[in-house]
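Chemist: The structure follows.
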Amino acid sequence: MTITIDHLVKTFGTASALNGVSLEIPDKSFVALLGPSGSGKTTLLRIIAGLETADSGYVLFGGEDVTDRPVQRRNIGFVFQHYALFRHMTVAQNIAFGLTVMKRRERPSKDAIAARVDELLALVQLPGLGGRFPSQLSGGQRQRVALARALAREPAILLLDEPFGALDTKVRRELRGALREIHDRVGLTSIFVTHDREEAFALADTVAILSNGRIEQFAAPREIEQAPASEFVRDFVI
Amino acid sequence: MKSATTEARGIRALLIGLALVWLALIILLPLLAVFAQAFDKGFATFWAAIVEPDALAAIRLTLLTAIIVVPLNCVFGMCAAWAISKHDFRGRDLLTTLIDLPFSVSPVVAGLMFVLLFGANGWFGPWLIAHGVRIMFAVPAIVIATAFVTFPYVARELIPLMSAQGKAEEEAALTLGAGFFQTFWHVTLPNIRWGLLYGVLLTNARAMGEFGAVSVVSGHIRGLTDTMPLHVEVLYNEYNFVGAFAVASLLAALALVTLAAKALLEWRHRDSIAASGH
């Protein structure tokens, strides 16, 4: 699904987080929001998700204005930096959550939910771990569960906030590969936030570089390397 | 090589010993004395003092007050804790301070405040009396005073817990399509249940035991507006020591039962407590 971001402005108190950000993200693309801390990248992601409201500007999904649509009805999957798994639920209950809270008329049957959970556990390469609690898993495993949970309702858009930020380098590499593969297989439009240049360039089709609440450059990694649009991009990237 | 703990062994034994002696002296011994005194003249006398009509009325009133106040303060305490810990709004610090007010105000003063509001010469008193609503020196005043005094327990228990947990899990639930009440029921409540239980037990213990504020607003009408603590005082002042200690021991027993219930629940659910990281 295409995502159109149109002149988003957001201020927190007196500090401005976004100064009129516009982006056009094509269907099925994998986009990285890259920038130093305080550049507004997480705020932008949270506004796209509907977890934060912009002061002005619009967000459109597939050409449809969703600016005032509550987060529950945006059909997005969201992955948090620190997993945000429900600690009192098993892995299977975590993954099934999005399905079990559906209205009774729309909700799949118990068996269908169980089958979907197994399918998702296989997709994130954690088969047979459905009965565990999050506290019994490693960081990498927890983030895989969080990914499976975010995909349960078959969202068209997947948003990830520093998804590998809390993991060590080796696990990070593995998970990166898995994420890219899932993105391609499921046919998602994905946006992930990172402050790691190498990660953004390795994973994304297109990278948006942010600084002080503005987009400095929005282009493919190779293009950014060859023709940095500003002094900031040159310093930050090369 | 000596480890750090062996060096401190003597000091450790001394500290533990001191703590135990202090505990026995300050808590265990008085508790034992109450029960010993209550059963001093045998069980029959004890029982007679409990089933005496005024004592029964006091027990009933105390339980009624607790049954009304505990759920109310449970709900409002949760609302306050939720608002303070999961949201940022103007006046948040003021609200946090206000919640502590009942802890810092003497219960007697709390009782007097309600006399000023609802008494015959108070702000709302004349209007209420003219409309036949009786608050002062009746059950409503006792309930209101108790609610005031016990308000902070649930909120105080939950605010640090909910602040520490942050709102990531709630946000995750929202992105997964859960509505407000679903999020509260499936995510927030399970995460705070042990803290909430503890707050409720403390609220209950204080609601049944409150003396000062209730003493001011109840009017001490025997068999009508005397709660258990007030009834204990009345009996004691009449030199009816067996009766006083019988009711007192029952009050203490109620407190012990709530504590035992908490211990039992924690023991039975120790796995899920450990899993939820409390």
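Please note that chains go A, B, ... in the order of the structure tokens, that every chain numbers its residues from 1, and that ligands are numbered from 1 in the order shown.
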Residues of region 2-233 of chain A classed as strand (DSSP E or B) by DSSP on the backbone are to be reported as a VMD selection string.
Modeler: chain A and resid 3 to 12 15 to 25 30 to 34 56 to 61 64 to 65 76 to 79 157 to 161 189 to 194 206 to 211 214 to 219
Chemist: Give one line per residue of chain B that approaches chain A to at most 8 Å, naming the two atoms of the closest pair and their distance in Å to one decimal, counting only C-alpha atoms; sort by chain then ascending residue number and deliver it as a Markdown table.
Modeler:
| residue | atom | partner | partner_atom | distance |
| --- | --- | --- | --- | --- |
| B:Ala168 | CA | A:Ala84 | CA | 5.4 |
| B:Glu169 | CA | A:Ala84 | CA | 4.9 |
| B:Glu171 | CA | A:Leu51 | CA | 7.3 |
| B:Ala172 | CA | A:Ala84 | CA | 6.5 |
| B:Ala173 | CA | A:Gly98 | CA | 7.6 |
| B:Leu174 | CA | A:Gln72 | CA | 5.6 |
| B:Thr175 | CA | A:Gln72 | CA | 5.5 |
| B:Leu176 | CA | A:Gly98 | CA | 4.7 |
| B:Gly177 | CA | A:Gln72 | CA | 4.1 |
| B:Ala178 | CA | A:Val101 | CA | 5.7 |
| B:Gly179 | CA | A:Gln72 | CA | 7.2 |
| B:Gln182 | CA | A:Val101 | CA | 7.1 |
| B:Val187 | CA | A:Phe86 | CA | 6.9 |
| B:Pro190 | CA | A:His88 | CA | 7.0 |
| B:Asn191 | CA | A:His88 | CA | 7.1 |
| B:Ser272 | CA | A:His88 | CA | 6.9 |
| B:Ala275 | CA | A:Ser135 | CA | 6.3 |
| B:Ser276 | CA | A:His88 | CA | 5.5 |
Chemist: What's around region 28-32 of chain A at 7 Å? Count only C-alpha atoms, leave out sequence neighbours fewer than 3 positions away in its own chain, and write the answer as a PyMOL selection string.
Modeler: chain A and resi 1+187-194+200+204-208
Chemist: Any idea what the distance is between CA of Val247 (chain B) and CA of Ile26 (chain B)?
Modeler: 20.9 Å
Chemist: What's around Pro152 (chain B) at 8 Å? Count only C-alpha atoms, leave out sequence neighbours fewer than 3 positions away in its own chain, and write the answer as a PyMOL selection string.
Modeler: chain B and resi 77+99-100+102-103+149+155-156
Chemist: So that I can see what lies close to Pro229 (chain B), please list as a PyMOL selection string the residues with an atom at most 9 Å from it, counting only C-alpha atoms and leaving out residues fewer than 6 positions away in the same chain.
Modeler: chain B and resi 58+62+208-211+215+247-248+251
Chemist: Please, what distance in Å, to one decimal, runs between CA of Leu56 (chain B) and CA of Thr258 (chain B)?
Modeler: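 CA of Thr258 (chain B) lies at a distance of 20.2 Å from CA of Leu56 (chain B).
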Chemist: So what do you get for CA of Val242 (chain B) versus CA of Gln37 (chain B), distance-wise?
Modeler: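 Interatomic distance, CA of Val242 (chain B) to CA of Gln37 (chain B): 6.7 Å.
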Chemist: Determine the nearest neighbour of Asp93 (chain B) from the options B:Ala260, B:Trp194, B:Ala80, B:Pro53, counting only C-alpha atoms.
Modeler: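 Counting only C-alpha atoms, the residue closest to Asp93 (chain B) is B:Ala80.
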Chemist: Residues near region 144-148 of chain B, anyone? I mean within 6 Å using only C-alpha atoms, not counting same-chain ones fewer than 2 positions away, as a ChimeraX atom specification.
Modeler: /B:69,141-142,150-151,207,213
Chemist: Just to be explicit: take each residue in the selection above, keep C-alpha atoms, and write the result as a PDB file, in the first residue's frame.
Modeler:
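Final file, result-v4.pdb:
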ATOM      1  CA  VAL B  69     -15.522   1.835  50.455  1.00  0.00           C
ATOM      2  CA  ALA B 141     -20.792  10.132  56.955  1.00  0.00           C
ATOM      3  CA  ILE B 142     -18.957   7.051  58.192  1.00  0.00           C
ATOM      4  CA  THR B 150      -8.268   5.163  52.690  1.00  0.00           C
ATOM      5  CA  PHE B 151      -8.133   6.834  49.272  1.00  0.00           C
ATOM      6  CA  ALA B 207     -11.255   0.847  56.318  1.00  0.00           C
ATOM      7  CA  ALA B 213     -12.147  10.357  61.334  1.00  0.00           C
TER       8      ALA B 213
END
Chemist: Using only C-alpha atoms, pick whichever of A:Leu210, A:Ile157, A:Val145, A:Leu179 has the shortest atom-to-atom distance to Pro26 (chain A).
Modeler: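 Looking at the shortest contact to Pro26 (chain A), the residue is A:Ile157.
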